[in-house]
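What follows is the content of model_28.cif, which has mmCIF, C-alpha atoms:
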data_protein
loop_
_atom_site.label_atom_id
_atom_site.label_comp_id
_atom_site.auth_asym_id
_atom_site.auth_seq_id
_atom_site.Cartn_x
_atom_site.Cartn_y
_atom_site.Cartn_z
CA MET A 175 8.71 23.54 7.18
CA ALA A 176 9.72 19.91 7.15
CA GLU A 177 10.17 18.18 3.81
CA TYR A 178 9.54 14.59 2.81
CA LYS A 179 12.60 12.49 3.55
CA ASN A 180 12.37 10.78 0.16
CA PRO A 181 10.46 13.07 -2.21
CA SER A 182 11.79 11.14 -5.22
CA VAL A 183 9.35 8.27 -4.50
CA LEU A 184 6.53 10.50 -5.79
CA VAL A 185 5.82 11.87 -9.25
CA GLU A 186 3.21 14.55 -9.93
CA THR A 187 0.37 14.34 -12.43
CA GLU A 188 1.65 17.25 -14.54
CA TRP A 189 5.09 15.67 -14.84
CA LEU A 190 3.68 12.28 -15.79
CA GLU A 191 1.44 13.72 -18.51
CA GLN A 192 4.46 15.49 -19.96
CA ASN A 193 6.46 12.25 -19.96
CA LEU A 194 3.94 9.69 -21.21
CA GLU A 195 6.08 8.99 -24.28
CA ASP A 196 9.19 8.32 -22.24
CA LYS A 197 10.09 4.68 -22.89
CA SER A 198 12.14 4.53 -19.72
CA LEU A 199 8.88 4.63 -17.74
CA ALA A 200 6.46 1.78 -17.14
CA ILE A 201 3.06 2.86 -15.82
CA ILE A 202 0.99 0.35 -13.85
CA GLU A 203 -2.55 0.75 -12.55
CA VAL A 204 -3.64 -1.29 -9.53
CA ASP A 205 -7.20 -0.73 -8.33
CA GLU A 206 -9.52 -2.24 -5.73
CA ASP A 207 -11.95 -2.61 -8.64
CA PRO A 208 -9.97 -4.17 -11.51
CA THR A 209 -12.68 -3.14 -14.01
CA ALA A 210 -11.81 0.54 -13.48
CA TYR A 211 -8.91 0.13 -15.93
CA GLU A 212 -11.24 -0.96 -18.72
CA LYS A 213 -13.37 2.15 -18.33
CA GLY A 214 -10.38 4.43 -18.85
CA HIS A 215 -6.74 4.60 -17.84
CA ILE A 216 -3.61 6.68 -18.32
CA ALA A 217 -2.18 6.21 -21.81
CA GLY A 218 0.41 3.44 -21.90
CA ALA A 219 -0.54 2.03 -18.52
CA ILE A 220 -0.92 -1.69 -18.01
CA ALA A 221 -3.21 -3.19 -15.36
CA LEU A 222 -2.34 -5.58 -12.58
CA ASP A 223 -5.11 -7.34 -10.68
CA TRP A 224 -4.23 -7.29 -6.99
CA ILE A 225 -5.90 -10.67 -6.46
CA ASN A 226 -5.31 -12.65 -9.64
CA ASP A 227 -1.86 -11.26 -10.48
CA LEU A 228 -0.28 -10.54 -7.10
CA GLN A 229 -1.67 -13.38 -4.97
CA SER A 230 -0.60 -17.03 -5.09
CA PRO A 231 -3.58 -19.30 -4.37
CA PRO A 232 -4.44 -21.68 -2.81
CA LEU A 233 -2.17 -20.14 -0.15
CA ARG A 234 -2.85 -16.81 1.46
CA GLU A 235 0.45 -15.54 0.11
CA PHE A 236 1.89 -13.25 -2.52
CA VAL A 237 3.57 -14.34 -5.71
CA SER A 238 7.21 -15.21 -5.18
CA ALA A 239 10.05 -12.99 -6.32
CA GLN A 240 10.56 -15.18 -9.38
CA GLN A 241 6.85 -15.12 -10.20
CA LEU A 242 6.75 -11.34 -9.86
CA ALA A 243 9.75 -10.92 -12.13
CA GLU A 244 8.12 -13.20 -14.72
CA LEU A 245 4.82 -11.32 -14.40
CA LEU A 246 6.40 -7.93 -14.98
CA GLY A 247 8.48 -9.25 -17.86
CA SER A 248 5.40 -10.79 -19.48
CA LYS A 249 3.76 -7.36 -19.37
CA GLY A 250 6.66 -5.86 -21.31
CA ILE A 251 8.31 -4.22 -18.31
CA SER A 252 12.06 -4.45 -17.89
CA SER A 253 14.16 -3.73 -14.83
CA ASP A 254 15.82 -0.90 -16.77
CA GLN A 255 12.57 1.03 -16.59
CA THR A 256 11.20 3.07 -13.71
CA ILE A 257 7.78 1.82 -12.65
CA VAL A 258 5.12 4.42 -11.80
CA LEU A 259 2.20 2.97 -9.84
CA TYR A 260 -1.20 4.56 -9.47
CA GLY A 261 -4.77 3.62 -8.59
CA GLY A 262 -8.07 4.88 -7.25
CA ASN A 263 -9.16 5.78 -3.73
CA ASN A 264 -6.05 7.73 -2.73
CA ASN A 265 -3.79 5.06 -4.24
CA TRP A 266 -5.17 2.49 -1.80
CA PHE A 267 -4.10 -0.62 -3.73
CA ALA A 268 -1.29 1.10 -5.61
CA THR A 269 0.60 1.46 -2.33
CA TYR A 270 -0.20 -2.19 -1.59
CA ALA A 271 1.57 -3.09 -4.83
CA TYR A 272 4.37 -0.61 -4.04
CA TRP A 273 5.05 -2.27 -0.68
CA LEU A 274 4.99 -5.74 -2.24
CA PHE A 275 7.30 -4.65 -5.06
CA LYS A 276 9.82 -3.18 -2.62
CA TYR A 277 9.56 -6.25 -0.38
CA ARG A 278 10.27 -8.55 -3.32
CA GLY A 279 13.22 -6.45 -4.53
CA VAL A 280 11.87 -4.12 -7.23
CA GLU A 281 14.24 -1.18 -7.02
CA ASN A 282 12.98 1.45 -9.47
CA VAL A 283 9.40 2.14 -8.42
CA LYS A 284 7.51 5.37 -7.70
CA LEU A 285 3.95 6.42 -6.89
CA LEU A 286 1.78 8.94 -8.73
CA ASN A 287 0.84 11.50 -6.07
CA GLY A 288 -2.93 11.63 -5.94
CA GLY A 289 -3.33 8.67 -8.27
CA ARG A 290 -6.38 8.27 -10.46
CA LYS A 291 -8.41 10.66 -8.29
CA LYS A 292 -6.19 13.68 -8.90
CA TRP A 293 -5.71 12.77 -12.55
CA GLU A 294 -9.47 12.79 -13.07
CA LEU A 295 -10.04 15.93 -10.99
CA GLU A 296 -7.63 17.74 -13.29
CA SER A 297 -9.45 16.39 -16.38
CA ARG A 298 -6.29 14.78 -17.71
CA PRO A 299 -6.81 12.33 -20.59
CA LEU A 300 -7.83 8.71 -20.11
CA VAL A 301 -7.86 6.09 -22.84
CA GLN A 302 -9.36 2.64 -23.28
CA ASP A 303 -6.76 1.24 -25.64
CA GLU A 304 -4.36 -1.25 -24.10
CA PRO A 305 -0.69 -0.76 -24.97
CA ASN A 306 1.05 -3.15 -27.34
CA THR A 307 3.94 -4.73 -25.46
CA SER A 308 6.62 -7.30 -26.11
CA PRO A 309 8.02 -9.63 -23.45
CA ALA A 310 10.96 -8.20 -21.55
CA THR A 311 13.42 -9.37 -18.92
CA PHE A 312 12.93 -8.21 -15.37
CA THR A 313 15.66 -8.77 -12.79
CA LEU A 314 14.89 -8.18 -9.14
CA GLY A 315 17.25 -6.86 -6.50
CA ALA A 316 17.54 -8.30 -3.01
CA GLU A 317 14.36 -8.96 -1.06
CA LYS A 318 13.74 -6.86 2.04
CA PRO A 319 12.32 -9.20 4.71
CA GLU A 320 12.51 -6.39 7.25
CA TYR A 321 9.48 -4.79 5.57
CA ARG A 322 7.15 -7.64 6.61
CA ILE A 323 6.19 -9.26 9.92
CA PHE A 324 4.56 -12.66 10.41
CA ARG A 325 2.13 -14.11 12.94
CA ASP A 326 4.55 -15.55 15.50
CA ASP A 327 6.51 -12.33 15.85
CA VAL A 328 3.26 -10.35 16.04
CA ILE A 329 1.96 -12.56 18.87
CA ALA A 330 5.25 -12.26 20.76
CA ARG A 331 5.22 -8.46 20.40
CA ALA A 332 1.58 -8.22 21.47
CA LYS A 333 2.13 -10.35 24.58
CA GLU A 334 5.28 -8.48 25.50
CA GLY A 335 3.46 -5.15 25.39
CA GLY A 336 4.96 -1.67 25.21
CA LYS A 337 5.41 -1.80 21.43
CA ALA A 338 4.35 0.70 18.79
CA TRP A 339 1.44 -0.34 16.59
CA VAL A 340 -0.55 1.70 14.09
CA ASP A 341 -4.04 0.36 13.44
CA VAL A 342 -4.99 2.17 10.23
CA ARG A 343 -8.59 0.95 10.08
CA SER A 344 -11.66 3.08 10.66
CA PRO A 345 -12.51 4.03 14.25
CA GLU A 346 -15.51 1.67 14.07
CA GLU A 347 -13.26 -1.26 13.22
CA TYR A 348 -10.73 -0.23 15.84
CA ARG A 349 -13.42 -0.08 18.52
CA GLY A 350 -14.72 -3.50 17.51
CA GLU A 351 -18.05 -2.25 16.15
CA LEU A 352 -17.23 -3.50 12.64
CA LEU A 353 -14.95 -6.21 11.30
CA ALA A 354 -14.41 -4.62 7.88
CA PRO A 355 -15.18 -1.41 5.99
CA PRO A 356 -18.97 -0.90 5.77
CA HIS A 357 -19.13 -1.71 2.05
CA LEU A 358 -17.47 -5.12 2.51
CA PRO A 359 -18.70 -8.38 4.08
CA GLN A 360 -18.34 -8.42 7.87
CA GLU A 361 -17.53 -12.10 8.38
CA GLN A 362 -13.77 -11.60 8.18
CA ALA A 363 -12.37 -12.42 11.62
CA GLN A 364 -13.67 -14.31 14.62
CA VAL A 365 -13.45 -11.45 17.12
CA PRO A 366 -13.53 -7.64 16.79
CA GLY A 367 -11.15 -5.17 18.41
CA HIS A 368 -7.49 -4.22 18.12
CA ILE A 369 -4.02 -5.21 19.30
CA PRO A 370 -3.44 -3.74 22.78
CA GLY A 371 -1.53 -0.48 22.70
CA SER A 372 -2.35 0.29 19.08
CA ALA A 373 -2.71 3.89 17.99
CA ASN A 374 -5.67 4.36 15.67
CA VAL A 375 -4.43 6.58 12.84
CA THR A 376 -6.84 5.94 10.00
CA TRP A 377 -4.97 5.60 6.72
CA ALA A 378 -7.17 8.08 4.84
CA LYS A 379 -6.23 10.89 7.25
CA THR A 380 -2.85 11.08 5.55
CA ALA A 381 -4.36 12.28 2.25
CA LYS A 382 -5.89 15.55 1.10
CA GLU A 383 -9.22 15.90 -0.69
CA ASP A 384 -7.52 15.50 -4.08
CA GLY A 385 -5.84 12.23 -3.04
CA THR A 386 -2.35 13.69 -2.67
CA PHE A 387 -0.43 13.22 0.54
CA LYS A 388 -0.55 15.85 3.23
CA SER A 389 2.57 17.89 3.95
CA ALA A 390 5.39 16.43 6.03
CA ASP A 391 4.52 18.78 8.90
CA GLU A 392 0.88 17.66 8.86
CA LEU A 393 1.84 13.99 8.75
CA ILE A 394 4.37 14.33 11.56
CA ALA A 395 1.78 16.09 13.72
CA LEU A 396 -0.84 13.45 12.92
CA TYR A 397 1.34 10.61 14.15
CA GLU A 398 3.04 12.44 17.00
CA ALA A 399 -0.39 13.20 18.48
CA GLU A 400 -0.83 9.42 18.84
CA GLY A 401 2.66 8.77 20.19
CA VAL A 402 4.02 7.39 16.91
CA THR A 403 7.55 8.76 16.56
CA PRO A 404 10.61 7.84 14.49
CA ASP A 405 12.56 6.48 17.46
CA LYS A 406 10.18 3.52 17.71
CA GLU A 407 9.84 0.31 15.71
CA VAL A 408 6.34 0.61 14.26
CA VAL A 409 4.09 -2.15 12.94
CA THR A 410 1.20 -1.10 10.70
CA TYR A 411 -1.85 -3.31 10.21
CA CYS A 412 -5.45 -3.15 8.96
CA ARG A 413 -7.75 -5.95 7.78
CA ILE A 414 -5.77 -7.66 5.01
CA GLY A 415 -2.67 -5.47 4.69
CA GLU A 416 -3.65 -3.07 1.91
CA ARG A 417 -4.58 0.04 3.91
CA SER A 418 -1.61 -0.57 6.20
CA SER A 419 0.66 -0.57 3.13
CA HIS A 420 -0.51 2.98 2.46
CA SER A 421 0.44 4.00 6.02
CA TRP A 422 3.71 2.07 5.72
CA PHE A 423 4.50 4.16 2.63
CA VAL A 424 3.80 7.39 4.53
CA LEU A 425 5.90 6.43 7.55
CA LYS A 426 8.76 4.70 5.74
CA GLU A 427 9.09 6.52 2.45
CA LEU A 428 7.72 10.00 3.11
CA LEU A 429 8.65 10.54 6.77
CA GLY A 430 11.75 8.37 6.73
CA PHE A 431 11.05 6.21 9.79
CA GLU A 432 13.86 3.65 9.92
CA ASN A 433 11.88 0.75 11.39
CA VAL A 434 8.42 0.35 9.90
CA ILE A 435 6.99 -3.11 9.30
CA ASN A 436 3.75 -4.02 7.55
CA TYR A 437 1.67 -6.83 9.05
CA ASP A 438 -0.23 -8.01 5.98
CA GLY A 439 -1.88 -10.84 7.92
CA SER A 440 -3.58 -7.99 9.78
CA TRP A 441 -6.88 -8.34 11.63
CA THR A 442 -8.23 -11.11 9.38
CA GLU A 443 -5.47 -13.31 10.79
CA TYR A 444 -4.94 -11.83 14.24
CA GLY A 445 -8.65 -11.60 15.04
CA SER A 446 -9.00 -15.36 14.45
CA LEU A 447 -6.07 -16.50 16.59
CA VAL A 448 -6.74 -18.33 19.84
CA GLY A 449 -5.60 -16.82 23.11
CA VAL A 450 -3.93 -13.64 21.85
CA PRO A 451 -4.39 -10.26 23.57
CA VAL A 452 -7.29 -8.17 22.21
CA GLU A 453 -8.70 -4.81 23.26
CA LYS A 454 -11.89 -2.99 22.30
#

Spell out the structure here as structure tokens.
Amino acid sequence: MAEYKNPSVLVETEWLEQNLEDKSLAIIEVDEDPTAYEKGHIAGAIALDWINDLQSPPLREFVSAQQLAELLGSKGISSDQTIVLYGGNNNWFATYAYWLFKYRGVENVKLLNGGRKKWELESRPLVQDEPNTSPATFTLGAEKPEYRIFRDDVIARAKEGGKAWVDVRSPEEYRGELLAPPHLPQEQAQVPGHIPGSANVTWAKTAKEDGTFKSADELIALYEAEGVTPDKEVVTYCRIGERSSHSWFVLKELLGFENVINYDGSWTEYGSLVGVPVEK
């Protein structure tokens, strides 16, 4: 059986519960619904709001490296600690934060396998008390621009054709029947569809019922069936870049693909561009 290429990027729920008092760890919860933290969270965890903490309005852009370092330091997290990220819905937004952290140069970061879902299924304790923290110093490593692709390069790749793309949205979005997940507003992009040549490997197919990732063999088979192999440069995209971060994590961190790039502009941007290739 194949093994994950980088198993150390994951920690298991049992291990984390046994190490909650370890001061070398910093636990961060990032959820689609920021109020989930208030209802109960892993002891010692701090919350980051994926919109208000990680975005930099009025631009559609993330906080800068300096802003991220200041944010983490203000939450009492130092660069000497190992960050463990987790969240709900198969770690949907936790992997979004993971990708952003790695892009901005956070070096010591891991993901709780199964996230909040598995933790709750196993009836592990949740608390409502927020941890008392003191400001710390967080120093980032080098940014990794190769983890992110922007509009102009996306357009050039799409027009050139013959490239590997993974559209991680639902089949309905991929086929152009919806512009967003059913529970979200549909007025996101001007046109429906997908980038020509994209393989539709829905992000949630990479997880088991308990929220943990499928085995390496299962993941390899899932992508190989759609022609997505490690010899190709792969661009992942979705609607705003969060689901595609989850697939980026699977391909880059778990399967060890050398060239995986997340297009966080995703369909909200691409589907509103004028004159670019679109398929349904």

Close residues, Gly262 in chain A itself excluded, 7 Å, only C-alpha atoms, min 2 positions apart in chain, as a ChimeraX atom specification | /A:205,264-266,289-291

Å distance separating CA of Tyr260 in chain A from CA of His420 in chain A, one decimal place | 12.1 Å

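Candidate residues A:Gly336, A:Gly350, A:Gly261, A:Pro345 were compared for distance to Gly214 in chain A, and the nearest is A:Gly261, using all atoms listed in the file.
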
Can you list what the PyMOL selection byres ((chain A and resi 203) around 12) grabs from this structure, as an NGL selection string?
-> :A and (200-202 or 204-212 or 214-224 or 257-262 or 265-272 or 285-286 or 289-290 or 304)

Record the distance separating CA of Lys379 in chain A and CA of Arg331 in chain A, expressed in Å with one decimal.
-> 26.0 Å

Sorted per-residue table, range 267-357 of chain A near range 361-374 of chain A, closest atoms and distance, 10 Å, only C-alpha atoms, as a tab-separated table:
residue	atom	partner	partner_atom	distance
A:Val328	CA	A:Ile369	CA	9.5
A:Ile329	CA	A:Ile369	CA	9.5
A:Arg331	CA	A:Ile369	CA	9.9
A:Ala332	CA	A:Ile369	CA	6.7
A:Lys333	CA	A:Pro370	CA	8.8
A:Gly335	CA	A:Gly371	CA	7.3
A:Gly336	CA	A:Gly371	CA	7.1
A:Lys337	CA	A:Gly371	CA	7.2
A:Ala338	CA	A:Ser372	CA	6.7
A:Trp339	CA	A:Ser372	CA	4.6
A:Val340	CA	A:Ala373	CA	5.0
A:Asp341	CA	A:Asn374	CA	4.9
A:Val342	CA	A:Asn374	CA	5.9
A:Arg343	CA	A:Asn374	CA	7.2
A:Ser344	CA	A:Asn374	CA	7.9
A:Pro345	CA	A:Asn374	CA	7.0
A:Glu346	CA	A:Gly367	CA	9.2
A:Glu347	CA	A:Gly367	CA	6.8
A:Tyr348	CA	A:Gly367	CA	5.6
A:Arg349	CA	A:Gly367	CA	5.6
A:Gly350	CA	A:Gly367	CA	4.0
A:Glu351	CA	A:Pro366	CA	7.1
A:Leu352	CA	A:Pro366	CA	6.9
A:Leu353	CA	A:Pro366	CA	5.8
A:Ala354	CA	A:Gln362	CA	7.0

Produce a file of the selected residues containing C-alpha atoms, as a PDB file, keeping the file's coordinate frame.
ATOM      1  CA  VAL A 328       3.260 -10.350  16.040  1.00  0.00           C
ATOM      2  CA  ILE A 329       1.960 -12.560  18.870  1.00  0.00           C
ATOM      3  CA  ARG A 331       5.220  -8.460  20.400  1.00  0.00           C
ATOM      4  CA  ALA A 332       1.580  -8.220  21.470  1.00  0.00           C
ATOM      5  CA  LYS A 333       2.130 -10.350  24.580  1.00  0.00           C
ATOM      6  CA  GLY A 335       3.460  -5.150  25.390  1.00  0.00           C
ATOM      7  CA  GLY A 336       4.960  -1.670  25.210  1.00  0.00           C
ATOM      8  CA  LYS A 337       5.410  -1.800  21.430  1.00  0.00           C
ATOM      9  CA  ALA A 338       4.350   0.700  18.790  1.00  0.00           C
ATOM     10  CA  TRP A 339       1.440  -0.340  16.590  1.00  0.00           C
ATOM     11  CA  VAL A 340      -0.550   1.700  14.090  1.00  0.00           C
ATOM     12  CA  ASP A 341      -4.040   0.360  13.440  1.00  0.00           C
ATOM     13  CA  VAL A 342      -4.990   2.170  10.230  1.00  0.00           C
ATOM     14  CA  ARG A 343      -8.590   0.950  10.080  1.00  0.00           C
ATOM     15  CA  SER A 344     -11.660   3.080  10.660  1.00  0.00           C
ATOM     16  CA  PRO A 345     -12.510   4.030  14.250  1.00  0.00           C
ATOM     17  CA  GLU A 346     -15.510   1.670  14.070  1.00  0.00           C
ATOM     18  CA  GLU A 347     -13.260  -1.260  13.220  1.00  0.00           C
ATOM     19  CA  TYR A 348     -10.730  -0.230  15.840  1.00  0.00           C
ATOM     20  CA  ARG A 349     -13.420  -0.080  18.520  1.00  0.00           C
ATOM     21  CA  GLY A 350     -14.720  -3.500  17.510  1.00  0.00           C
ATOM     22  CA  GLU A 351     -18.050  -2.250  16.150  1.00  0.00           C
ATOM     23  CA  LEU A 352     -17.230  -3.500  12.640  1.00  0.00           C
ATOM     24  CA  LEU A 353     -14.950  -6.210  11.300  1.00  0.00           C
ATOM     25  CA  ALA A 354     -14.410  -4.620   7.880  1.00  0.00           C
TER      26      ALA A 354
END

Which residues come within 12 Å of Glu177 in chain A, counting only C-alpha atoms, excluding same-chain residues fewer than 4 positions away, as a list in words?
->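 Result of the neighbour search: Pro181, Ser182, Lys388, Ser389, Ala390, Asp391, Glu392, Leu393, Ile394, Glu427, Leu428, Leu429 and Gly430 of chain A.
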
Mind telling me what the PyMOL selection byres ((chain A and resi 188) around 12) catches here, as a VMD selection string?
-> chain A and resid 185 to 187 189 to 194 286 to 289 292 to 293 296 to 299

Nearest-residue call for Ser440 in chain A, choices A:Phe324, A:Pro404, A:Gln229, A:Gly385, using only C-alpha atoms =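 Nearest candidate to Ser440 in chain A out of A:Phe324, A:Pro404, A:Gln229, A:Gly385: A:Phe324.
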
Kindly resolve the PyMOL selection byres ((chain A and resi 249) around 9) on the present coordinates and return the residues as a PyMOL selection string.
-> chain A and resi 220+244-248+250-252+307-310

Pairwise distance for CA of Ser421 in chain A and CA of Trp377 in chain A, rounded to one decimal in Å = 5.7 Å

So which residues touch Val434 in chain A within 9 Å, counting all atoms listed in the file, skipping near sequence neighbours fewer than 3 positions away, as a list in words?
->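 Listing them by chain and then by number gives Glu320, Tyr321, Arg322, Lys406, Glu407, Val408, Val409, Thr410, Trp422, Leu425, Lys426 and Phe431 of chain A.
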
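The closest residue to Val375 in chain A, picked from A:Tyr411, A:Ala176, A:Asn433, A:Pro355 and counting all atoms listed in the file, is A:Tyr411.
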
Using all atoms listed in the file, pick whichever of A:Val183, A:Val280, A:Val448, A:Leu199 has the shortest atom-to-atom distance to Ala243 in chain A.
->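 Answer, going by the shortest atom-to-atom distance: A:Val280.
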
Pick the closest to Gln241 in chain A from A:Lys179, A:Leu314, A:Asn436, A:Val283: which is it, counting all atoms listed in the file?
->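 Between A:Lys179, A:Leu314, A:Asn436, A:Val283, the residue approaching Gln241 in chain A most closely is A:Leu314.
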
Might I get the box with edges along x, y and z of the file that holds all atoms of range 405-409 of chain A listed there, padded by 3 Å on every side, given as centre and edge lengths in Å to one decimal, as JSON?
{"center_x": 8.3, "center_y": 2.2, "center_z": 15.3, "size_x": 14.5, "size_y": 14.6, "size_z": 10.8}

Generate N, CA, C and O atoms for range 191-206 of chain A and emit them as a tab-separated table (two decimals), in the coordinates of the input.
chain	number	residue	atom	x	y	z
A	191	GLU	N	2.07	13.45	-17.22
A	191	GLU	CA	1.44	13.72	-18.51
A	191	GLU	C	2.46	14.21	-19.52
A	191	GLU	O	2.38	13.87	-20.72
A	192	GLN	N	3.44	14.97	-19.06
A	192	GLN	CA	4.46	15.49	-19.96
A	192	GLN	C	5.46	14.41	-20.39
A	192	GLN	O	6.19	14.60	-21.36
A	193	ASN	N	5.47	13.29	-19.68
A	193	ASN	CA	6.46	12.25	-19.96
A	193	ASN	C	5.84	10.91	-20.36
A	193	ASN	O	6.48	9.87	-20.23
A	194	LEU	N	4.61	10.94	-20.85
A	194	LEU	CA	3.94	9.69	-21.21
A	194	LEU	C	4.64	8.94	-22.34
A	194	LEU	O	4.49	7.72	-22.46
A	195	GLU	N	5.39	9.64	-23.16
A	195	GLU	CA	6.08	8.99	-24.28
A	195	GLU	C	7.47	8.49	-23.90
A	195	GLU	O	8.16	7.91	-24.74
A	196	ASP	N	7.87	8.72	-22.69
A	196	ASP	CA	9.19	8.32	-22.24
A	196	ASP	C	9.25	6.80	-22.07
A	196	ASP	O	8.60	6.23	-21.19
A	197	LYS	N	10.02	6.14	-22.90
A	197	LYS	CA	10.09	4.68	-22.89
A	197	LYS	C	10.83	4.12	-21.67
A	197	LYS	O	10.81	2.90	-21.43
A	198	SER	N	11.47	5.01	-20.91
A	198	SER	CA	12.14	4.53	-19.72
A	198	SER	C	11.17	4.37	-18.55
A	198	SER	O	11.55	3.90	-17.47
A	199	LEU	N	9.91	4.76	-18.77
A	199	LEU	CA	8.88	4.63	-17.74
A	199	LEU	C	7.95	3.47	-18.06
A	199	LEU	O	7.65	3.21	-19.23
A	200	ALA	N	7.49	2.80	-17.02
A	200	ALA	CA	6.46	1.78	-17.14
A	200	ALA	C	5.36	2.14	-16.16
A	200	ALA	O	5.60	2.20	-14.95
A	201	ILE	N	4.16	2.41	-16.66
A	201	ILE	CA	3.06	2.86	-15.82
A	201	ILE	C	2.14	1.68	-15.53
A	201	ILE	O	1.74	0.96	-16.45
A	202	ILE	N	1.83	1.48	-14.26
A	202	ILE	CA	0.99	0.35	-13.85
A	202	ILE	C	-0.16	0.85	-13.00
A	202	ILE	O	0.04	1.59	-12.04
A	203	GLU	N	-1.38	0.43	-13.35
A	203	GLU	CA	-2.55	0.75	-12.55
A	203	GLU	C	-2.95	-0.46	-11.73
A	203	GLU	O	-3.08	-1.57	-12.25
A	204	VAL	N	-3.16	-0.25	-10.42
A	204	VAL	CA	-3.64	-1.29	-9.53
A	204	VAL	C	-4.80	-0.71	-8.75
A	204	VAL	O	-4.62	0.23	-7.97
A	205	ASP	N	-6.00	-1.25	-8.95
A	205	ASP	CA	-7.20	-0.73	-8.33
A	205	ASP	C	-7.89	-1.79	-7.49
A	205	ASP	O	-7.80	-2.99	-7.78
A	206	GLU	N	-8.64	-1.33	-6.47
A	206	GLU	CA	-9.52	-2.24	-5.73
A	206	GLU	C	-10.49	-2.90	-6.69
A	206	GLU	O	-10.75	-4.10	-6.62
